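A.B. asks: Before I ask anything, let me first share the structure, which is written out below as structure tokens.
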Amino acid sequence: MDEAPKKLDELIALGDAFLARSKIPNARVVSELLAARLFKCGRLELYRYASTVPDARIVDALRRGLQRVAKGEPVQYVLGQWDFRKLTLKVDRRALIPRPETEQLVDLVLKSPQVKSAAKPLVVDVGTGAGCIILSLAGELRDGVFVGLDISPEALSLAKENAAFVGLQERVLFADSDGCGEFDPASVDVLVSNPPYIPSHVVDGLEPHIREHEPRLALDGGADGLDVYRTLLLDAVMVLKPGGGLFLEIGNDQGPAMREMLEEYGFTEVEIVKDYSGKDRFAVATQSV
Ligand SMILES: C[S@@+](CC[C@H](N)C(=O)[O-])C[C@H]1O[C@@H](n2cnc3c(N)ncnc32)[C@H](O)[C@@H]1O
């Protein structure tokens, strides 16, 4: 960018061109998102400031943000915040960036008979990451006991910060755990999880903005991507109440294998649910009575 004072819309256009030259997808949107963060407004409200000449500190902050994105850092980490359902959450390298498809996993839980029938369901989220699933459920359900578990202390520290950030620290408990086998047998109403499910060799070939910035522990599901599910399903058999609900996010090619595993572990009403782009993305099942 040259140094002559520029109006915001000109800066955004320059940012767009700069990112496009670095082959960043959706360069215009990214440039607008960075500008909106600095103006503390929504992207669609930027038009109000289009003719404003931002002061030098804002221009400098925008330049630094654009440079980080151009070098491959996900825009979400540069912004430090990202929206998930009704919440704005902090996001950084400690945990996976919440993905839009995971919002649908929350819907599946909200519509489930398990949360509708229990007065105060015990809801457990395994691999909570930034806390997006369990915080959304606690925010959108009137009553319940909500627990988020993760094997990563870094992710848990972010999830706890997020609970305070959205004012739900009194309603959600977070704990360090590999799986969820430490609950009492047959005590959990709903088990929800978006575990790492990408096969290791596929993680190695992911785009650099994911592979080099998001935690490998959040992505890598072992040789066939199913490692964490294998132990998680055993835990689920132990801790879910009869009739309790299991809600999993899965890879788009894992539907048949997941159905087979769930049936093998004795779950009933197994359903593979597609995401809004028509791909297998979730598995829902009930603990046999
Ligand atoms: C795909 S990320 C999902 C994060 C968040 N729930 C979301 O949907 O954005 C998977 C998370 O599972 C955690 N994890 C991996 N293996 C685990 C295990 N054995 N037990 C508990 N958490 C695990 C990772 O640290 C990571 O935070």
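Letters A, B, ... mark the chains of the structure tokens in the order given; residue numbers begin at 1 per chain; ligand numbers begin at 1, in order shown.
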So that I can check the surroundings of region 250-263 of chain A, please list as a PyMOL selection string every protein, DNA and RNA residue that reaches within 6 Å of it, counting only C-alpha atoms and ignoring chain neighbours fewer than 2 positions away.
C.D. replies: chain A and resi 265-267+279-282
A.B. asks: For ligand 1, list the contacting residues at 7 Å or closer, counting only C-alpha atoms and all ligand atoms, as a VMD selection string.
C.D. replies: chain A and resid 95 to 99 102 126 to 133 149 to 152 155 177 to 179 193 to 196 217 to 219 228
A.B. asks: Could you write those residues out with C-alpha atoms, as a PDB file, in the first residue's frame?
C.D. replies:
ATOM      1  CA  ALA A  95      -7.938 -25.076  19.293  1.00  0.00           C
ATOM      2  CA  LEU A  96      -9.627 -25.872  15.994  1.00  0.00           C
ATOM      3  CA  ILE A  97     -11.561 -23.041  14.349  1.00  0.00           C
ATOM      4  CA  PRO A  98     -15.265 -23.907  14.752  1.00  0.00           C
ATOM      5  CA  ARG A  99     -16.662 -24.919  11.338  1.00  0.00           C
ATOM      6  CA  THR A 102     -20.715 -28.280  13.272  1.00  0.00           C
ATOM      7  CA  VAL A 126     -15.933 -34.920  24.094  1.00  0.00           C
ATOM      8  CA  GLY A 127     -13.140 -32.989  22.345  1.00  0.00           C
ATOM      9  CA  THR A 128     -14.648 -29.629  23.140  1.00  0.00           C
ATOM     10  CA  GLY A 129     -11.881 -27.543  21.510  1.00  0.00           C
ATOM     11  CA  ALA A 130     -12.832 -23.869  21.763  1.00  0.00           C
ATOM     12  CA  GLY A 131     -16.048 -24.982  23.511  1.00  0.00           C
ATOM     13  CA  CYS A 132     -18.380 -24.097  20.643  1.00  0.00           C
ATOM     14  CA  ILE A 133     -20.720 -27.111  20.910  1.00  0.00           C
ATOM     15  CA  LEU A 149     -13.895 -32.515  27.917  1.00  0.00           C
ATOM     16  CA  ASP A 150     -10.641 -32.374  26.020  1.00  0.00           C
ATOM     17  CA  ILE A 151      -7.305 -34.127  26.076  1.00  0.00           C
ATOM     18  CA  SER A 152      -5.550 -30.852  25.187  1.00  0.00           C
ATOM     19  CA  ALA A 155      -7.879 -26.214  24.077  1.00  0.00           C
ATOM     20  CA  SER A 177     -10.002 -36.143  29.835  1.00  0.00           C
ATOM     21  CA  ASP A 178      -9.036 -38.742  27.263  1.00  0.00           C
ATOM     22  CA  GLY A 179     -12.504 -39.798  26.090  1.00  0.00           C
ATOM     23  CA  SER A 193     -18.503 -35.168  19.838  1.00  0.00           C
ATOM     24  CA  ASN A 194     -16.689 -33.747  16.867  1.00  0.00           C
ATOM     25  CA  PRO A 195     -13.450 -35.659  17.346  1.00  0.00           C
ATOM     26  CA  PRO A 196     -10.411 -35.604  15.064  1.00  0.00           C
ATOM     27  CA  LEU A 217      -4.421 -33.202  17.759  1.00  0.00           C
ATOM     28  CA  ALA A 218      -7.703 -31.678  16.575  1.00  0.00           C
ATOM     29  CA  LEU A 219      -7.411 -33.094  13.058  1.00  0.00           C
ATOM     30  CA  VAL A 228     -10.831 -41.750  18.478  1.00  0.00           C
TER      31      VAL A 228
END
A.B. asks: Name the residues of region 16-199 of chain A that fall into alpha helix (DSSP H) according to DSSP on the backbone, using the chain letters and numbers of this document, as a PDB file with N, CA and C atoms, in the first residue's frame.
C.D. replies:
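Result went into result01.pdb, see below:
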ATOM      1  N   ASP A  16      -7.762  -6.273  -0.817  1.00  0.00           N
ATOM      2  CA  ASP A  16      -8.317  -7.310  -1.691  1.00  0.00           C
ATOM      3  C   ASP A  16      -7.281  -7.682  -2.771  1.00  0.00           C
ATOM      4  N   ALA A  17      -6.733  -6.660  -3.420  1.00  0.00           N
ATOM      5  CA  ALA A  17      -5.776  -6.911  -4.513  1.00  0.00           C
ATOM      6  C   ALA A  17      -4.513  -7.586  -3.965  1.00  0.00           C
ATOM      7  N   PHE A  18      -4.056  -7.121  -2.786  1.00  0.00           N
ATOM      8  CA  PHE A  18      -2.854  -7.682  -2.164  1.00  0.00           C
ATOM      9  C   PHE A  18      -3.058  -9.176  -1.853  1.00  0.00           C
ATOM     10  N   LEU A  19      -4.200  -9.511  -1.263  1.00  0.00           N
ATOM     11  CA  LEU A  19      -4.463 -10.917  -0.910  1.00  0.00           C
ATOM     12  C   LEU A  19      -4.662 -11.768  -2.167  1.00  0.00           C
ATOM     13  N   ALA A  20      -5.317 -11.178  -3.165  1.00  0.00           N
ATOM     14  CA  ALA A  20      -5.540 -11.933  -4.411  1.00  0.00           C
ATOM     15  C   ALA A  20      -4.190 -12.278  -5.049  1.00  0.00           C
ATOM     16  N   ARG A  21      -3.239 -11.331  -4.988  1.00  0.00           N
ATOM     17  CA  ARG A  21      -1.898 -11.622  -5.546  1.00  0.00           C
ATOM     18  C   ARG A  21      -1.225 -12.766  -4.786  1.00  0.00           C
ATOM     19  N   ALA A  27     -10.611 -13.077  -1.290  1.00  0.00           N
ATOM     20  CA  ALA A  27      -9.754 -11.979  -0.829  1.00  0.00           C
ATOM     21  C   ALA A  27     -10.568 -10.750  -0.396  1.00  0.00           C
ATOM     22  N   ARG A  28     -11.603 -10.422  -1.141  1.00  0.00           N
ATOM     23  CA  ARG A  28     -12.402  -9.234  -0.804  1.00  0.00           C
ATOM     24  C   ARG A  28     -13.063  -9.408   0.575  1.00  0.00           C
ATOM     25  N   VAL A  29     -13.652 -10.578   0.774  1.00  0.00           N
ATOM     26  CA  VAL A  29     -14.337 -10.848   2.046  1.00  0.00           C
ATOM     27  C   VAL A  29     -13.336 -10.765   3.203  1.00  0.00           C
ATOM     28  N   VAL A  30     -12.163 -11.345   3.000  1.00  0.00           N
ATOM     29  CA  VAL A  30     -11.160 -11.350   4.069  1.00  0.00           C
ATOM     30  C   VAL A  30     -10.719  -9.924   4.382  1.00  0.00           C
ATOM     31  N   SER A  31     -10.487  -9.137   3.339  1.00  0.00           N
ATOM     32  CA  SER A  31     -10.082  -7.741   3.544  1.00  0.00           C
ATOM     33  C   SER A  31     -11.178  -6.987   4.316  1.00  0.00           C
ATOM     34  N   GLU A  32     -12.420  -7.251   3.970  1.00  0.00           N
ATOM     35  CA  GLU A  32     -13.544  -6.597   4.671  1.00  0.00           C
ATOM     36  C   GLU A  32     -13.647  -7.066   6.125  1.00  0.00           C
ATOM     37  N   LEU A  33     -13.440  -8.356   6.339  1.00  0.00           N
ATOM     38  CA  LEU A  33     -13.535  -8.879   7.720  1.00  0.00           C
ATOM     39  C   LEU A  33     -12.496  -8.202   8.616  1.00  0.00           C
ATOM     40  N   LEU A  34     -11.280  -8.044   8.092  1.00  0.00           N
ATOM     41  CA  LEU A  34     -10.224  -7.407   8.894  1.00  0.00           C
ATOM     42  C   LEU A  34     -10.596  -5.949   9.182  1.00  0.00           C
ATOM     43  N   ALA A  35     -11.092  -5.262   8.168  1.00  0.00           N
ATOM     44  CA  ALA A  35     -11.481  -3.853   8.359  1.00  0.00           C
ATOM     45  C   ALA A  35     -12.634  -3.752   9.357  1.00  0.00           C
ATOM     46  N   ALA A  36     -13.597  -4.660   9.241  1.00  0.00           N
ATOM     47  CA  ALA A  36     -14.760  -4.606  10.147  1.00  0.00           C
ATOM     48  C   ALA A  36     -14.332  -4.821  11.593  1.00  0.00           C
ATOM     49  N   ARG A  37     -13.370  -5.722  11.790  1.00  0.00           N
ATOM     50  CA  ARG A  37     -12.877  -5.969  13.167  1.00  0.00           C
ATOM     51  C   ARG A  37     -12.262  -4.681  13.730  1.00  0.00           C
ATOM     52  N   LEU A  38     -11.513  -3.978  12.903  1.00  0.00           N
ATOM     53  CA  LEU A  38     -10.848  -2.755  13.387  1.00  0.00           C
ATOM     54  C   LEU A  38     -11.845  -1.634  13.628  1.00  0.00           C
ATOM     55  N   ALA A  56      -3.641   6.517  11.310  1.00  0.00           N
ATOM     56  CA  ALA A  56      -2.469   5.704  10.925  1.00  0.00           C
ATOM     57  C   ALA A  56      -2.419   4.376  11.674  1.00  0.00           C
ATOM     58  N   ARG A  57      -2.884   4.362  12.942  1.00  0.00           N
ATOM     59  CA  ARG A  57      -2.791   3.107  13.707  1.00  0.00           C
ATOM     60  C   ARG A  57      -3.704   2.033  13.105  1.00  0.00           C
ATOM     61  N   ILE A  58      -4.870   2.455  12.655  1.00  0.00           N
ATOM     62  CA  ILE A  58      -5.793   1.485  12.044  1.00  0.00           C
ATOM     63  C   ILE A  58      -5.221   0.984  10.713  1.00  0.00           C
ATOM     64  N   VAL A  59      -4.655   1.897   9.951  1.00  0.00           N
ATOM     65  CA  VAL A  59      -4.077   1.485   8.662  1.00  0.00           C
ATOM     66  C   VAL A  59      -2.954   0.478   8.907  1.00  0.00           C
ATOM     67  N   ASP A  60      -2.142   0.773   9.939  1.00  0.00           N
ATOM     68  CA  ASP A  60      -1.030  -0.126  10.239  1.00  0.00           C
ATOM     69  C   ASP A  60      -1.536  -1.497  10.699  1.00  0.00           C
ATOM     70  N   ALA A  61      -2.570  -1.488  11.554  1.00  0.00           N
ATOM     71  CA  ALA A  61      -3.127  -2.757  12.043  1.00  0.00           C
ATOM     72  C   ALA A  61      -3.710  -3.554  10.872  1.00  0.00           C
ATOM     73  N   LEU A  62      -4.369  -2.864   9.960  1.00  0.00           N
ATOM     74  CA  LEU A  62      -4.935  -3.542   8.784  1.00  0.00           C
ATOM     75  C   LEU A  62      -3.809  -4.154   7.948  1.00  0.00           C
ATOM     76  N   ARG A  63      -2.749  -3.381   7.765  1.00  0.00           N
ATOM     77  CA  ARG A  63      -1.621  -3.876   6.965  1.00  0.00           C
ATOM     78  C   ARG A  63      -1.038  -5.135   7.610  1.00  0.00           C
ATOM     79  N   ARG A  64      -0.868  -5.105   8.940  1.00  0.00           N
ATOM     80  CA  ARG A  64      -0.281  -6.272   9.612  1.00  0.00           C
ATOM     81  C   ARG A  64      -1.202  -7.495   9.496  1.00  0.00           C
ATOM     82  N   GLY A  65      -2.498  -7.256   9.640  1.00  0.00           N
ATOM     83  CA  GLY A  65      -3.459  -8.360   9.507  1.00  0.00           C
ATOM     84  C   GLY A  65      -3.415  -8.952   8.109  1.00  0.00           C
ATOM     85  N   LEU A  66      -3.367  -8.081   7.105  1.00  0.00           N
ATOM     86  CA  LEU A  66      -3.320  -8.568   5.715  1.00  0.00           C
ATOM     87  C   LEU A  66      -2.050  -9.376   5.474  1.00  0.00           C
ATOM     88  N   GLN A  67      -0.940  -8.905   6.071  1.00  0.00           N
ATOM     89  CA  GLN A  67       0.327  -9.626   5.857  1.00  0.00           C
ATOM     90  C   GLN A  67       0.279 -11.011   6.494  1.00  0.00           C
ATOM     91  N   ARG A  68      -0.326 -11.112   7.674  1.00  0.00           N
ATOM     92  CA  ARG A  68      -0.428 -12.429   8.325  1.00  0.00           C
ATOM     93  C   ARG A  68      -1.264 -13.386   7.475  1.00  0.00           C
ATOM     94  N   VAL A  69      -2.393 -12.877   6.961  1.00  0.00           N
ATOM     95  CA  VAL A  69      -3.235 -13.745   6.128  1.00  0.00           C
ATOM     96  C   VAL A  69      -2.493 -14.118   4.838  1.00  0.00           C
ATOM     97  N   ALA A  70      -1.793 -13.144   4.262  1.00  0.00           N
ATOM     98  CA  ALA A  70      -1.067 -13.425   3.007  1.00  0.00           C
ATOM     99  C   ALA A  70      -0.009 -14.495   3.220  1.00  0.00           C
ATOM    100  N   VAL A  75      -7.666 -16.486   8.599  1.00  0.00           N
ATOM    101  CA  VAL A  75      -8.174 -15.151   8.965  1.00  0.00           C
ATOM    102  C   VAL A  75      -8.834 -15.178  10.348  1.00  0.00           C
ATOM    103  N   GLN A  76      -9.423 -16.311  10.704  1.00  0.00           N
ATOM    104  CA  GLN A  76     -10.090 -16.413  12.012  1.00  0.00           C
ATOM    105  C   GLN A  76      -9.096 -16.188  13.145  1.00  0.00           C
ATOM    106  N   TYR A  77      -7.900 -16.746  13.017  1.00  0.00           N
ATOM    107  CA  TYR A  77      -6.888 -16.560  14.067  1.00  0.00           C
ATOM    108  C   TYR A  77      -6.396 -15.106  14.085  1.00  0.00           C
ATOM    109  N   VAL A  78      -6.325 -14.497  12.929  1.00  0.00           N
ATOM    110  CA  VAL A  78      -5.886 -13.098  12.874  1.00  0.00           C
ATOM    111  C   VAL A  78      -6.952 -12.214  13.528  1.00  0.00           C
ATOM    112  N   LEU A  79      -8.210 -12.513  13.261  1.00  0.00           N
ATOM    113  CA  LEU A  79      -9.301 -11.737  13.872  1.00  0.00           C
ATOM    114  C   LEU A  79      -9.382 -12.000  15.375  1.00  0.00           C
ATOM    115  N   PRO A 100     -18.677 -24.194  10.176  1.00  0.00           N
ATOM    116  CA  PRO A 100     -20.126 -23.987  10.071  1.00  0.00           C
ATOM    117  C   PRO A 100     -20.929 -25.278  10.132  1.00  0.00           C
ATOM    118  N   GLU A 101     -20.401 -26.383   9.563  1.00  0.00           N
ATOM    119  CA  GLU A 101     -21.209 -27.625   9.556  1.00  0.00           C
ATOM    120  C   GLU A 101     -21.458 -28.126  10.977  1.00  0.00           C
ATOM    121  N   THR A 102     -20.547 -27.803  11.891  1.00  0.00           N
ATOM    122  CA  THR A 102     -20.715 -28.280  13.272  1.00  0.00           C
ATOM    123  C   THR A 102     -21.929 -27.624  13.943  1.00  0.00           C
ATOM    124  N   GLU A 103     -22.353 -26.482  13.415  1.00  0.00           N
ATOM    125  CA  GLU A 103     -23.564 -25.846  13.963  1.00  0.00           C
ATOM    126  C   GLU A 103     -24.757 -26.794  13.841  1.00  0.00           C
ATOM    127  N   GLN A 104     -24.770 -27.592  12.767  1.00  0.00           N
ATOM    128  CA  GLN A 104     -25.879 -28.531  12.531  1.00  0.00           C
ATOM    129  C   GLN A 104     -25.869 -29.667  13.550  1.00  0.00           C
ATOM    130  N   LEU A 105     -24.686 -30.022  14.035  1.00  0.00           N
ATOM    131  CA  LEU A 105     -24.591 -31.066  15.071  1.00  0.00           C
ATOM    132  C   LEU A 105     -25.328 -30.590  16.330  1.00  0.00           C
ATOM    133  N   VAL A 106     -25.194 -29.319  16.635  1.00  0.00           N
ATOM    134  CA  VAL A 106     -25.906 -28.751  17.789  1.00  0.00           C
ATOM    135  C   VAL A 106     -27.422 -28.836  17.561  1.00  0.00           C
ATOM    136  N   ASP A 107     -27.853 -28.560  16.330  1.00  0.00           N
ATOM    137  CA  ASP A 107     -29.293 -28.673  16.017  1.00  0.00           C
ATOM    138  C   ASP A 107     -29.801 -30.086  16.261  1.00  0.00           C
ATOM    139  N   LEU A 108     -29.002 -31.074  15.847  1.00  0.00           N
ATOM    140  CA  LEU A 108     -29.438 -32.469  16.022  1.00  0.00           C
ATOM    141  C   LEU A 108     -29.650 -32.775  17.500  1.00  0.00           C
ATOM    142  N   VAL A 109     -28.771 -32.257  18.357  1.00  0.00           N
ATOM    143  CA  VAL A 109     -28.947 -32.474  19.803  1.00  0.00           C
ATOM    144  C   VAL A 109     -30.187 -31.727  20.295  1.00  0.00           C
ATOM    145  N   LEU A 110     -30.330 -30.478  19.862  1.00  0.00           N
ATOM    146  CA  LEU A 110     -31.462 -29.666  20.362  1.00  0.00           C
ATOM    147  C   LEU A 110     -32.810 -30.294  20.014  1.00  0.00           C
ATOM    148  N   PRO A 113     -35.007 -36.385  21.218  1.00  0.00           N
ATOM    149  CA  PRO A 113     -35.924 -36.731  22.312  1.00  0.00           C
ATOM    150  C   PRO A 113     -35.211 -36.704  23.657  1.00  0.00           C
ATOM    151  N   GLN A 114     -33.906 -36.986  23.657  1.00  0.00           N
ATOM    152  CA  GLN A 114     -33.186 -37.053  24.938  1.00  0.00           C
ATOM    153  C   GLN A 114     -33.197 -35.701  25.658  1.00  0.00           C
ATOM    154  N   VAL A 115     -32.986 -34.605  24.939  1.00  0.00           N
ATOM    155  CA  VAL A 115     -33.001 -33.314  25.655  1.00  0.00           C
ATOM    156  C   VAL A 115     -34.438 -32.832  25.872  1.00  0.00           C
ATOM    157  N   LYS A 116     -35.353 -33.296  25.012  1.00  0.00           N
ATOM    158  CA  LYS A 116     -36.751 -32.851  25.180  1.00  0.00           C
ATOM    159  C   LYS A 116     -37.418 -33.552  26.354  1.00  0.00           C
ATOM    160  N   SER A 117     -37.008 -34.818  26.608  1.00  0.00           N
ATOM    161  CA  SER A 117     -37.735 -35.567  27.642  1.00  0.00           C
ATOM    162  C   SER A 117     -37.117 -35.401  29.026  1.00  0.00           C
ATOM    163  N   CYS A 132     -17.239 -24.597  21.420  1.00  0.00           N
ATOM    164  CA  CYS A 132     -18.380 -24.097  20.643  1.00  0.00           C
ATOM    165  C   CYS A 132     -19.653 -24.931  20.831  1.00  0.00           C
ATOM    166  N   ILE A 133     -19.518 -26.261  20.858  1.00  0.00           N
ATOM    167  CA  ILE A 133     -20.720 -27.111  20.910  1.00  0.00           C
ATOM    168  C   ILE A 133     -21.383 -26.998  22.281  1.00  0.00           C
ATOM    169  N   ILE A 134     -20.599 -27.229  23.324  1.00  0.00           N
ATOM    170  CA  ILE A 134     -21.206 -27.291  24.655  1.00  0.00           C
ATOM    171  C   ILE A 134     -21.680 -25.906  25.116  1.00  0.00           C
ATOM    172  N   LEU A 135     -20.964 -24.864  24.713  1.00  0.00           N
ATOM    173  CA  LEU A 135     -21.421 -23.513  25.101  1.00  0.00           C
ATOM    174  C   LEU A 135     -22.712 -23.165  24.363  1.00  0.00           C
ATOM    175  N   SER A 136     -22.814 -23.581  23.116  1.00  0.00           N
ATOM    176  CA  SER A 136     -24.065 -23.329  22.390  1.00  0.00           C
ATOM    177  C   SER A 136     -25.217 -24.078  23.034  1.00  0.00           C
ATOM    178  N   LEU A 137     -24.961 -25.341  23.382  1.00  0.00           N
ATOM    179  CA  LEU A 137     -26.044 -26.130  23.991  1.00  0.00           C
ATOM    180  C   LEU A 137     -26.464 -25.519  25.332  1.00  0.00           C
ATOM    181  N   ALA A 138     -25.486 -25.111  26.126  1.00  0.00           N
ATOM    182  CA  ALA A 138     -25.822 -24.507  27.424  1.00  0.00           C
ATOM    183  C   ALA A 138     -26.577 -23.196  27.223  1.00  0.00           C
ATOM    184  N   GLY A 139     -26.204 -22.462  26.189  1.00  0.00           N
ATOM    185  CA  GLY A 139     -26.871 -21.186  25.923  1.00  0.00           C
ATOM    186  C   GLY A 139     -28.273 -21.355  25.371  1.00  0.00           C
ATOM    187  N   GLU A 140     -28.496 -22.439  24.612  1.00  0.00           N
ATOM    188  CA  GLU A 140     -29.770 -22.579  23.915  1.00  0.00           C
ATOM    189  C   GLU A 140     -30.755 -23.516  24.611  1.00  0.00           C
ATOM    190  N   PRO A 153      -4.716 -29.534  27.091  1.00  0.00           N
ATOM    191  CA  PRO A 153      -4.826 -28.458  28.083  1.00  0.00           C
ATOM    192  C   PRO A 153      -4.966 -27.079  27.418  1.00  0.00           C
ATOM    193  N   GLU A 154      -4.339 -26.921  26.248  1.00  0.00           N
ATOM    194  CA  GLU A 154      -4.425 -25.614  25.556  1.00  0.00           C
ATOM    195  C   GLU A 154      -5.867 -25.353  25.119  1.00  0.00           C
ATOM    196  N   ALA A 155      -6.488 -26.383  24.517  1.00  0.00           N
ATOM    197  CA  ALA A 155      -7.879 -26.214  24.077  1.00  0.00           C
ATOM    198  C   ALA A 155      -8.769 -25.912  25.283  1.00  0.00           C
ATOM    199  N   LEU A 156      -8.538 -26.638  26.373  1.00  0.00           N
ATOM    200  CA  LEU A 156      -9.377 -26.408  27.560  1.00  0.00           C
ATOM    201  C   LEU A 156      -9.222 -24.991  28.094  1.00  0.00           C
ATOM    202  N   SER A 157      -8.001 -24.467  28.044  1.00  0.00           N
ATOM    203  CA  SER A 157      -7.821 -23.102  28.561  1.00  0.00           C
ATOM    204  C   SER A 157      -8.609 -22.110  27.695  1.00  0.00           C
ATOM    205  N   LEU A 158      -8.630 -22.363  26.396  1.00  0.00           N
ATOM    206  CA  LEU A 158      -9.414 -21.480  25.517  1.00  0.00           C
ATOM    207  C   LEU A 158     -10.914 -21.651  25.771  1.00  0.00           C
ATOM    208  N   ALA A 159     -11.350 -22.903  25.938  1.00  0.00           N
ATOM    209  CA  ALA A 159     -12.781 -23.152  26.181  1.00  0.00           C
ATOM    210  C   ALA A 159     -13.236 -22.440  27.457  1.00  0.00           C
ATOM    211  N   LYS A 160     -12.395 -22.481  28.486  1.00  0.00           N
ATOM    212  CA  LYS A 160     -12.769 -21.811  29.746  1.00  0.00           C
ATOM    213  C   LYS A 160     -12.830 -20.297  29.550  1.00  0.00           C
ATOM    214  N   GLU A 161     -11.876 -19.771  28.799  1.00  0.00           N
ATOM    215  CA  GLU A 161     -11.926 -18.319  28.512  1.00  0.00           C
ATOM    216  C   GLU A 161     -13.213 -17.986  27.759  1.00  0.00           C
ATOM    217  N   ASN A 162     -13.585 -18.876  26.845  1.00  0.00           N
ATOM    218  CA  ASN A 162     -14.796 -18.607  26.072  1.00  0.00           C
ATOM    219  C   ASN A 162     -16.052 -18.659  26.940  1.00  0.00           C
ATOM    220  N   ALA A 163     -16.062 -19.598  27.898  1.00  0.00           N
ATOM    221  CA  ALA A 163     -17.233 -19.676  28.789  1.00  0.00           C
ATOM    222  C   ALA A 163     -17.409 -18.328  29.505  1.00  0.00           C
ATOM    223  N   ALA A 164     -16.302 -17.762  29.987  1.00  0.00           N
ATOM    224  CA  ALA A 164     -16.387 -16.462  30.673  1.00  0.00           C
ATOM    225  C   ALA A 164     -16.741 -15.364  29.667  1.00  0.00           C
ATOM    226  N   PHE A 165     -16.180 -15.470  28.476  1.00  0.00           N
ATOM    227  CA  PHE A 165     -16.391 -14.445  27.438  1.00  0.00           C
ATOM    228  C   PHE A 165     -17.869 -14.325  27.066  1.00  0.00           C
TER     229      PHE A 165
END
A.B. asks: Taking only C-alpha atoms into account, name the residue in A:Lys71, A:Lys40, A:Arg48, A:Arg171 that is nearest to Ser22 (chain A).
C.D. replies: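 Closest to Ser22 (chain A), using only C-alpha atoms: A:Lys71.
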A.B. asks: Taking 3 positions as the minimum chain separation for residues in the same chain, which residues sit within 6 Å of region 204-216 of chain A when counting only C-alpha atoms? Answer as an mmCIF file with C-alpha atoms, in the first residue's frame.
C.D. replies:
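And here's part_23.cif as it stands now:
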data_model
loop_
_atom_site.group_PDB
_atom_site.id
_atom_site.type_symbol
_atom_site.label_atom_id
_atom_site.label_comp_id
_atom_site.auth_asym_id
_atom_site.auth_seq_id
_atom_site.Cartn_x
_atom_site.Cartn_y
_atom_site.Cartn_z
ATOM 1 C CA GLY A 72 -1.071 -18.292 5.240
ATOM 2 C CA GLU A 73 -2.485 -17.751 8.731
ATOM 3 C CA PRO A 74 -6.250 -18.425 8.876
ATOM 4 C CA ARG A 93 -3.932 -21.624 17.798
ATOM 5 C CA LEU A 96 -9.627 -25.872 15.994
ATOM 6 C CA HIS A 201 -1.948 -39.287 5.494
ATOM 7 C CA LEU A 219 -7.411 -33.094 13.058
ATOM 8 C CA ASP A 220 -5.583 -36.414 13.021
#
A.B. asks: Rounded to one decimal, what separation in Å do you get between CA of Val172 (chain A) and CA of Val124 (chain A)?
C.D. replies: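 These atoms are spaced 9.9 Å apart.
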A.B. asks: Going by DSSP on the backbone, which bits of region 26-153 of chain A are strand (DSSP E)? Write them as JSON, numbers by chain, please.
C.D. replies: {"A": [81, 82, 83, 84, 87, 88, 89, 90, 122, 123, 124, 125, 126, 145, 146, 147, 148, 149, 150]}
A.B. asks: Excluding Cys180 (chain A) and its own-chain neighbours fewer than 3 positions away, which residues fall within 12 Å of it when counting only C-alpha atoms? Please give them as a count of residues only.
C.D. replies: 36
